[in-house]
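Student: Mind looking over this structure? Questions follow.
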Amino acid sequence: MIKSVWCLLLAIVVAGCKKIDVAVAEFDVRMEKMQYRANEPVKFLFEGNPDNISFFSGEAGSRYENRDRIIANGTPELNFTTYRRNENTGTQQNTMFLYASTDFSGKTDAASIAAANWVDLTDRATWSTGVDQTPSGTLDLREFISDKPVYFAFKYMGYAGSVQRVWNIKSFNIVNVLPGEPSSAIVNLDNAGWTKLSLSGAIEWTISTGNVYFFGPSSAATIGVANEDWLVSKPLFLNKVFPDRPKVLKNISSRMSEYQYTFTSPGTYQVTFLASNINTYEENKIVKSMTIEILP
C-alpha cells in the first residue's frame, strides 16, 4: 500500500516537471498603403494573436537593429558648474584644477596619483570667480575614447601663508552625443563614485548629494599649511549608450487586431514588430519588418 502511494506521488512529480512546449506564435502585419504624410495616422493591421507584441518605429531611439547596442562612438561632452565662495575673503588664484587620465590604476594613493599621466583640462573650462552655478561650457572628450576607461579628477591646491579659497562643484555631467539620436547619459555628480585623497593639510573634500566642496582654512592657526587634495571619479567609458527600446503594445491578457502610430517628420522608416509566445521553459518569436515612407 505504502509503495503504491509513493509510486503515485512520484508519477505526479514527474508529470509536473515535464517540459511544456510553448505554442508557435502566429503573427503577420500589413498596412493599407505604403506611403503616408507626416502627422497622418498610420494603421497597422494584425493577423494572429501572439501573447506579446512590441513595436520599434524606426525613429531615433526606437530602432530594432540597436536593441542590443551598448557602445557607440559619438561625441562625449562634459559640463559642470562651480562656485568659488568668498566668505573666507581669500584672494589666492589658481587653486582649482581638472584632470583626466586613461592610465590611472584606480588605486587612490599618492604613488598611484603620481604615476598616472594626467591631461590638464583646467584651461578648457570656465570657472566661477564668485558667481554661484557658473557653467563650465562644453568640453569635447573625444580624445579620451578608447578601450580603456578614463578617470576624472578635481585637484584643490591651497597655498600656505594666506586665507585659502572655498570651492563648490554643483554639477558634473558627461553625455555621449550621437548625430540624430538621443544623447546617452554616462555619469552625473552623484553617481561618479568620487574618491578623495589628501596629500597635504588636514582638510579634505566633502561629498554630499548634489554638491562636493572644499572649505579652505581661514584661521591664523591653519593658513600656514598648504592643502593639496584630489577628488577622483570611478572609471568611465565614454562610448557608452543605452539600447533602443520598443513600445510594448500588448501582453497575454489582451487582444489586439490593429495599431495606429503617427510619424511627425518626413523620411523613410524601417518599422519592426516583435511578437512572441512565452512560458516558463522557452520563448517563440516572430519578427516582422517593413519600410514605410513618410511624405511632407
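Please note that chains go A, B, ... in the order of the C-alpha cells, that every chain numbers its residues from 1, and that ligands are numbered from 1 in the order shown.
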Write out as a ChimeraX atom specification the residues lying within 6 Å of stretch 148-161 of chain A, counting only C-alpha atoms and excluding same-chain residues fewer than 3 positions away.

Tutor: /A:95-102,164,223-233,235-237

Student: Just the residues within 7 Å of A:Leu178, please, counting only C-alpha atoms, with nothing from its chain fewer than 3 positions along; format it as a list in words.

Tutor: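 So the residues in contact are Gly74, Thr75, Glu181, Pro182 and Ser183 of chain A.
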
Student: Hey, what does DSSP flag as strand (DSSP E) within stretch 74-252 of chain A? Can you give it to me as number ranges by chain?

Tutor: A: 75-85, 96-101, 119-120, 134-135, 139-140, 151-158, 166-177, 184-187, 195-200, 206-208, 211-215, 227-232, 247-250

Student: Go through A:Glu77, A:Glu143, A:Asp28, A:Asp21 and flag the residue nearest A:Glu282, using only C-alpha atoms for the distances.

Tutor: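 Of A:Glu77, A:Glu143, A:Asp28, A:Asp21, the one nearest A:Glu282 is A:Asp21, counting only C-alpha atoms.
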
Student: Need the shell around A:Val248: protein/DNA/RNA residues with any atom at most 9 Å away, counting only C-alpha atoms. Skip same-chain ones fewer than 2 positions apart. Format as a list in words?

Tutor: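 In the requested form, the answer reads Asn52, Ile53, Ser54, Phe55, Pro246, Lys250 and Asn251 of chain A.
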
Student: Next, dump the selected residues to file, keeping only C-alpha atoms, as a compact mmCIF listing (two decimals), in the first residue's frame.

Tutor:
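After the write, part-v4.txt holds the following:
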# COMPACT_ATOMS: atom_id res chain seq x y z
CA ASN A 52 3.11 39.73 -26.65
CA ILE A 53 3.62 42.41 -29.28
CA SER A 54 6.15 45.25 -29.15
CA PHE A 55 6.89 47.97 -31.68
CA PRO A 246 10.40 49.23 -28.17
CA LYS A 250 0.06 44.03 -25.73
CA ASN A 251 0.60 41.13 -23.36

Student: Given only C-alpha atoms as the basis, pick out the residue of A:Gly61, A:Pro50, A:Pro179, A:Gly106 nearest to A:Phe242.

Tutor: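 For A:Phe242, the nearest of the given residues is A:Gly61.
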
Student: I'd like to know which of A:Thr272, A:Thr291, A:Ser257, A:Asn173 is closest to A:Tyr64, using only C-alpha atoms.

Tutor: A:Thr272

Student: Counting only C-alpha atoms, which of A:Ala110, A:Ala72, A:Glu283, A:Asn94 gets nearest to A:Thr122?

Tutor: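 Of the candidates, the smallest distance to A:Thr122 is held by A:Asn94.
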
Student: Could you go through stretch 48-254 of chain A and tell me which residues DSSP, when run on the backbone, assigns to helix (DSSP H, G or I), listing them as a list in words?

Tutor: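 Those in stretch 48-254 of chain A that DSSP calls helix (DSSP H, G or I) are Tyr64, Glu65, Asn66, Ala110, Ala111, Ser112, Ile113, Ala114, Ala115, Thr122, Asp123, Arg124, Arg142, Glu143, Phe144, Leu189, Asp190 and Asn191 of chain A.
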
Student: So the first atom is atom CA of A:Arg245 and the second is atom CA of A:Met31; what is the distance between them in Å, to one decimal place?

Tutor: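 Between these atoms lies a distance of 22.7 Å.
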
Student: In Å to one decimal, how far is atom CA of A:Trp205 from atom CA of A:Thr108?

Tutor: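 Computing the Euclidean distance for atom CA of A:Thr108 and atom CA of A:Trp205 yields 13.9 Å.
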